[in-house]
Amino acid sequence: MTSPKALAWTLLDRTAAIPAQVGEWVSLDAGGMPIYRIEALEDGQAWLRDDTHAQPQRLPLSGFRWKATADLG
C-alpha cells in the first residue's frame, strides 16, 4: 500500500456520474487512515482493499469524502 504522505487529495465530486474510478485511492479523511484502493464499482458500491483486510470489502462510495489525485512520491 502506498504511504498517505505521498498522495495529494481532492474532494470527491458527488455530482459527477462517476465520482471515482477503479484503481483510485479513497479515504474518509484527506491523508487519514484507512486508505482504500478501489478494485471494482457496482451500483454505487465500491469493492475496496486496504492493508488490514485480506479480502476486498464492499462499501458505499458515498461514505467517502476524499480521493487521491496524484502520487507525490
# chains A, B, ... in the order shown; residues from 1 in each chain; ligands from 1
call {"tool": "residues_around", "arguments": {"residues": "segment 32-37 of chain A", "least_positions_apart": "5", "cutoff": "9 Å", "atoms": "only C-alpha atoms", "output": "NGL selection string"}}
result
:A and (1-2 or 4 or 22-27 or 47-52)
call {"tool": "write_last_selection", "arguments": {"atoms": "C-alpha atoms", "output": "PDB file, in the first residue's frame"}}
result
ATOM      1  CA  MET A   1       0.000   0.000   0.000  1.00  0.00           C
ATOM      2  CA  THR A   2       1.225   3.494  -0.684  1.00  0.00           C
ATOM      3  CA  PRO A   4      -0.708   8.576   2.715  1.00  0.00           C
ATOM      4  CA  VAL A  22     -11.213   1.714 -10.339  1.00  0.00           C
ATOM      5  CA  GLY A  23      -7.589   1.983  -9.247  1.00  0.00           C
ATOM      6  CA  GLU A  24      -8.006   5.250  -7.336  1.00  0.00           C
ATOM      7  CA  TRP A  25      -7.371   5.664  -3.633  1.00  0.00           C
ATOM      8  CA  VAL A  26     -10.199   6.939  -1.385  1.00  0.00           C
ATOM      9  CA  SER A  27     -10.439   7.896   2.273  1.00  0.00           C
ATOM     10  CA  TRP A  47     -15.123  -3.060  -3.745  1.00  0.00           C
ATOM     11  CA  LEU A  48     -12.208  -1.739  -1.683  1.00  0.00           C
ATOM     12  CA  ARG A  49      -8.935  -3.157  -0.466  1.00  0.00           C
ATOM     13  CA  ASP A  50      -6.740  -1.892   2.348  1.00  0.00           C
ATOM     14  CA  ASP A  51      -3.757  -3.143   4.345  1.00  0.00           C
ATOM     15  CA  THR A  52      -5.788  -4.760   7.133  1.00  0.00           C
TER      16      THR A  52
END
call {"tool": "residues_around", "arguments": {"residues": "Leu11 of chain A", "least_positions_apart": "5", "cutoff": "12 Å", "atoms": "only C-alpha atoms", "output": "short mmCIF file (atom, residue, chain, number, x, y, z; two decimals) with N, CA and C atoms, in the first residue's frame"}}
result
data_model
loop_
_atom_site.label_atom_id
_atom_site.label_comp_id
_atom_site.auth_asym_id
_atom_site.auth_seq_id
_atom_site.Cartn_x
_atom_site.Cartn_y
_atom_site.Cartn_z
N ALA A 16 -20.81 14.17 -9.89
CA ALA A 16 -20.30 13.56 -11.12
C ALA A 16 -20.96 12.19 -11.33
N PRO A 19 -17.89 9.53 -9.51
CA PRO A 19 -17.03 10.36 -8.68
C PRO A 19 -15.62 9.82 -8.46
N ALA A 20 -15.44 8.52 -8.64
CA ALA A 20 -14.12 7.89 -8.51
C ALA A 20 -14.09 6.69 -9.45
N TRP A 25 -7.41 5.78 -5.09
CA TRP A 25 -7.37 5.66 -3.63
C TRP A 25 -8.44 6.59 -3.06
N VAL A 26 -9.19 6.12 -2.05
CA VAL A 26 -10.20 6.94 -1.38
C VAL A 26 -10.03 6.84 0.12
N SER A 27 -10.52 7.86 0.82
CA SER A 27 -10.44 7.90 2.27
C SER A 27 -11.56 8.75 2.83
N LEU A 28 -11.85 8.55 4.10
CA LEU A 28 -12.81 9.40 4.79
C LEU A 28 -12.21 10.76 5.08
N ASP A 29 -10.90 10.78 5.32
CA ASP A 29 -10.16 11.98 5.67
C ASP A 29 -9.00 12.16 4.71
N ALA A 30 -8.71 13.36 4.28
CA ALA A 30 -7.58 13.59 3.37
C ALA A 30 -6.29 13.20 4.09
N GLY A 31 -5.67 12.15 3.63
CA GLY A 31 -4.44 11.67 4.25
C GLY A 31 -4.68 10.87 5.50
N SER A 62 -20.51 6.57 -1.45
CA SER A 62 -20.99 7.82 -0.84
C SER A 62 -20.44 8.04 0.56
N PHE A 64 -17.37 7.96 1.35
CA PHE A 64 -16.02 8.51 1.27
C PHE A 64 -16.07 9.95 0.80
N ARG A 65 -15.18 10.76 1.34
CA ARG A 65 -15.19 12.18 1.03
C ARG A 65 -14.03 12.60 0.14
N TRP A 66 -12.95 11.87 0.19
CA TRP A 66 -11.71 12.27 -0.48
C TRP A 66 -11.21 11.19 -1.43
N LYS A 67 -10.53 11.62 -2.49
CA LYS A 67 -9.79 10.68 -3.35
C LYS A 67 -8.42 11.28 -3.62
N ALA A 68 -7.48 10.38 -3.82
CA ALA A 68 -6.13 10.82 -4.14
C ALA A 68 -6.10 11.27 -5.60
N THR A 69 -5.41 12.37 -5.85
CA THR A 69 -5.33 12.89 -7.21
C THR A 69 -3.95 12.76 -7.82
#
call {"tool": "residues_around", "arguments": {"residues": "Ile18 of chain A", "least_positions_apart": "2", "cutoff": "12 Å", "atoms": "only C-alpha atoms", "output": "ChimeraX atom specification"}}
result
/A:12-16,20-22,24,41-46,61-62
call {"tool": "write_last_selection", "arguments": {"atoms": "N, CA and C atoms", "output": "mmCIF file, in the first residue's frame"}}
result
data_model
loop_
_atom_site.group_PDB
_atom_site.id
_atom_site.type_symbol
_atom_site.label_atom_id
_atom_site.label_comp_id
_atom_site.auth_asym_id
_atom_site.auth_seq_id
_atom_site.Cartn_x
_atom_site.Cartn_y
_atom_site.Cartn_z
ATOM 1 N N LEU A 12 -14.182 14.328 -3.328
ATOM 2 C CA LEU A 12 -14.937 13.574 -4.329
ATOM 3 C C LEU A 12 -16.058 14.455 -4.848
ATOM 4 N N ASP A 13 -16.274 14.460 -6.123
ATOM 5 C CA ASP A 13 -17.362 15.227 -6.730
ATOM 6 C C ASP A 13 -18.599 14.334 -6.756
ATOM 7 N N ARG A 14 -19.434 14.468 -5.756
ATOM 8 C CA ARG A 14 -20.611 13.601 -5.647
ATOM 9 C C ARG A 14 -21.646 13.867 -6.735
ATOM 10 N N THR A 15 -21.527 14.991 -7.434
ATOM 11 C CA THR A 15 -22.469 15.291 -8.518
ATOM 12 C C THR A 15 -22.026 14.668 -9.839
ATOM 13 N N ALA A 16 -20.806 14.174 -9.892
ATOM 14 C CA ALA A 16 -20.297 13.557 -11.120
ATOM 15 C C ALA A 16 -20.958 12.192 -11.326
ATOM 16 N N ALA A 20 -15.444 8.517 -8.645
ATOM 17 C CA ALA A 20 -14.124 7.893 -8.514
ATOM 18 C C ALA A 20 -14.094 6.694 -9.452
ATOM 19 N N GLN A 21 -12.893 6.247 -9.765
ATOM 20 C CA GLN A 21 -12.738 5.157 -10.723
ATOM 21 C C GLN A 21 -11.903 4.027 -10.127
ATOM 22 N N VAL A 22 -12.003 2.872 -10.749
ATOM 23 C CA VAL A 22 -11.213 1.714 -10.339
ATOM 24 C C VAL A 22 -9.733 2.094 -10.379
ATOM 25 N N GLU A 24 -8.253 4.055 -8.147
ATOM 26 C CA GLU A 24 -8.006 5.250 -7.336
ATOM 27 C C GLU A 24 -8.039 4.906 -5.851
ATOM 28 N N LEU A 41 -16.411 -1.141 -9.097
ATOM 29 C CA LEU A 41 -17.577 -0.316 -8.780
ATOM 30 C C LEU A 41 -18.823 -1.019 -9.297
ATOM 31 N N GLU A 42 -19.893 -0.975 -8.488
ATOM 32 C CA GLU A 42 -21.117 -1.685 -8.853
ATOM 33 C C GLU A 42 -22.302 -1.054 -8.127
ATOM 34 N N ASP A 43 -23.190 -0.397 -8.864
ATOM 35 C CA ASP A 43 -24.424 0.169 -8.306
ATOM 36 C C ASP A 43 -24.188 1.068 -7.087
ATOM 37 N N GLY A 44 -23.250 1.993 -7.184
ATOM 38 C CA GLY A 44 -22.972 2.914 -6.081
ATOM 39 C C GLY A 44 -22.141 2.319 -4.964
ATOM 40 N N GLN A 45 -21.797 1.068 -5.103
ATOM 41 C CA GLN A 45 -20.956 0.387 -4.122
ATOM 42 C C GLN A 45 -19.556 0.240 -4.701
ATOM 43 N N ALA A 46 -18.578 0.242 -3.827
ATOM 44 C CA ALA A 46 -17.192 0.065 -4.257
ATOM 45 C C ALA A 46 -16.608 -1.155 -3.556
ATOM 46 N N LEU A 61 -19.765 4.012 -1.970
ATOM 47 C CA LEU A 61 -18.822 5.059 -2.342
ATOM 48 C C LEU A 61 -19.220 6.392 -1.713
ATOM 49 N N SER A 62 -20.510 6.571 -1.455
ATOM 50 C CA SER A 62 -20.995 7.819 -0.845
ATOM 51 C C SER A 62 -20.444 8.041 0.560
#
call {"tool": "select_by_dssp", "arguments": {"residues": "segment 11-48 of chain A", "states": "strand (DSSP E)", "output": "list in words"}}
result
Leu11, Trp25, Val26, Ser27, Ile35, Tyr36, Arg37, Ile38, Glu39, Ala40, Leu41, Glu42, Gln45, Ala46, Trp47 and Leu48 of chain A
call {"tool": "write_last_selection", "arguments": {"atoms": "C-alpha atoms", "output": "mmCIF file, in the first residue's frame"}}
result
data_model
loop_
_atom_site.group_PDB
_atom_site.id
_atom_site.type_symbol
_atom_site.label_atom_id
_atom_site.label_comp_id
_atom_site.auth_asym_id
_atom_site.auth_seq_id
_atom_site.Cartn_x
_atom_site.Cartn_y
_atom_site.Cartn_z
ATOM 1 C CA LEU A 11 -12.862 16.205 -2.554
ATOM 2 C CA TRP A 25 -7.371 5.664 -3.633
ATOM 3 C CA VAL A 26 -10.199 6.939 -1.385
ATOM 4 C CA SER A 27 -10.439 7.896 2.273
ATOM 5 C CA ILE A 35 -6.947 4.464 2.796
ATOM 6 C CA TYR A 36 -8.658 2.124 0.355
ATOM 7 C CA ARG A 37 -7.907 1.307 -3.266
ATOM 8 C CA ILE A 38 -10.991 0.833 -5.437
ATOM 9 C CA GLU A 39 -10.962 -2.585 -7.107
ATOM 10 C CA ALA A 40 -14.454 -2.502 -8.661
ATOM 11 C CA LEU A 41 -17.577 -0.316 -8.780
ATOM 12 C CA GLU A 42 -21.117 -1.685 -8.853
ATOM 13 C CA GLN A 45 -20.956 0.387 -4.122
ATOM 14 C CA ALA A 46 -17.192 0.065 -4.257
ATOM 15 C CA TRP A 47 -15.123 -3.060 -3.745
ATOM 16 C CA LEU A 48 -12.208 -1.739 -1.683
#
call {"tool": "select_by_dssp", "arguments": {"residues": "chain A", "states": "helix (DSSP H, G or I)", "output": "ChimeraX atom specification"}}
result
/A:4-6,61-63
call {"tool": "decode", "arguments": {"residues": "segment 36-69 of chain A", "atoms": "C-alpha atoms", "output": "PDB file, in the first residue's frame"}}
result
ATOM      1  CA  TYR A  36      -8.658   2.124   0.355  1.00  0.00           C
ATOM      2  CA  ARG A  37      -7.907   1.307  -3.266  1.00  0.00           C
ATOM      3  CA  ILE A  38     -10.991   0.833  -5.437  1.00  0.00           C
ATOM      4  CA  GLU A  39     -10.962  -2.585  -7.107  1.00  0.00           C
ATOM      5  CA  ALA A  40     -14.454  -2.502  -8.661  1.00  0.00           C
ATOM      6  CA  LEU A  41     -17.577  -0.316  -8.780  1.00  0.00           C
ATOM      7  CA  GLU A  42     -21.117  -1.685  -8.853  1.00  0.00           C
ATOM      8  CA  ASP A  43     -24.424   0.169  -8.306  1.00  0.00           C
ATOM      9  CA  GLY A  44     -22.972   2.914  -6.081  1.00  0.00           C
ATOM     10  CA  GLN A  45     -20.956   0.387  -4.122  1.00  0.00           C
ATOM     11  CA  ALA A  46     -17.192   0.065  -4.257  1.00  0.00           C
ATOM     12  CA  TRP A  47     -15.123  -3.060  -3.745  1.00  0.00           C
ATOM     13  CA  LEU A  48     -12.208  -1.739  -1.683  1.00  0.00           C
ATOM     14  CA  ARG A  49      -8.935  -3.157  -0.466  1.00  0.00           C
ATOM     15  CA  ASP A  50      -6.740  -1.892   2.348  1.00  0.00           C
ATOM     16  CA  ASP A  51      -3.757  -3.143   4.345  1.00  0.00           C
ATOM     17  CA  THR A  52      -5.788  -4.760   7.133  1.00  0.00           C
ATOM     18  CA  HIS A  53      -8.262  -6.968   5.240  1.00  0.00           C
ATOM     19  CA  ALA A  54      -7.264  -9.967   3.138  1.00  0.00           C
ATOM     20  CA  GLN A  55     -10.411  -9.768   1.009  1.00  0.00           C
ATOM     21  CA  PRO A  56     -11.940  -6.672  -0.618  1.00  0.00           C
ATOM     22  CA  GLN A  57     -14.784  -5.044   1.283  1.00  0.00           C
ATOM     23  CA  ARG A  58     -17.940  -3.750  -0.371  1.00  0.00           C
ATOM     24  CA  LEU A  59     -18.858  -0.298   0.915  1.00  0.00           C
ATOM     25  CA  PRO A  60     -20.960   2.580  -0.434  1.00  0.00           C
ATOM     26  CA  LEU A  61     -18.822   5.059  -2.342  1.00  0.00           C
ATOM     27  CA  SER A  62     -20.995   7.819  -0.845  1.00  0.00           C
ATOM     28  CA  GLY A  63     -19.328   7.140   2.520  1.00  0.00           C
ATOM     29  CA  PHE A  64     -16.017   8.511   1.268  1.00  0.00           C
ATOM     30  CA  ARG A  65     -15.191  12.179   1.025  1.00  0.00           C
ATOM     31  CA  TRP A  66     -11.707  12.266  -0.483  1.00  0.00           C
ATOM     32  CA  LYS A  67      -9.793  10.685  -3.345  1.00  0.00           C
ATOM     33  CA  ALA A  68      -6.125  10.822  -4.143  1.00  0.00           C
ATOM     34  CA  THR A  69      -5.329  12.893  -7.208  1.00  0.00           C
TER      35      THR A  69
END
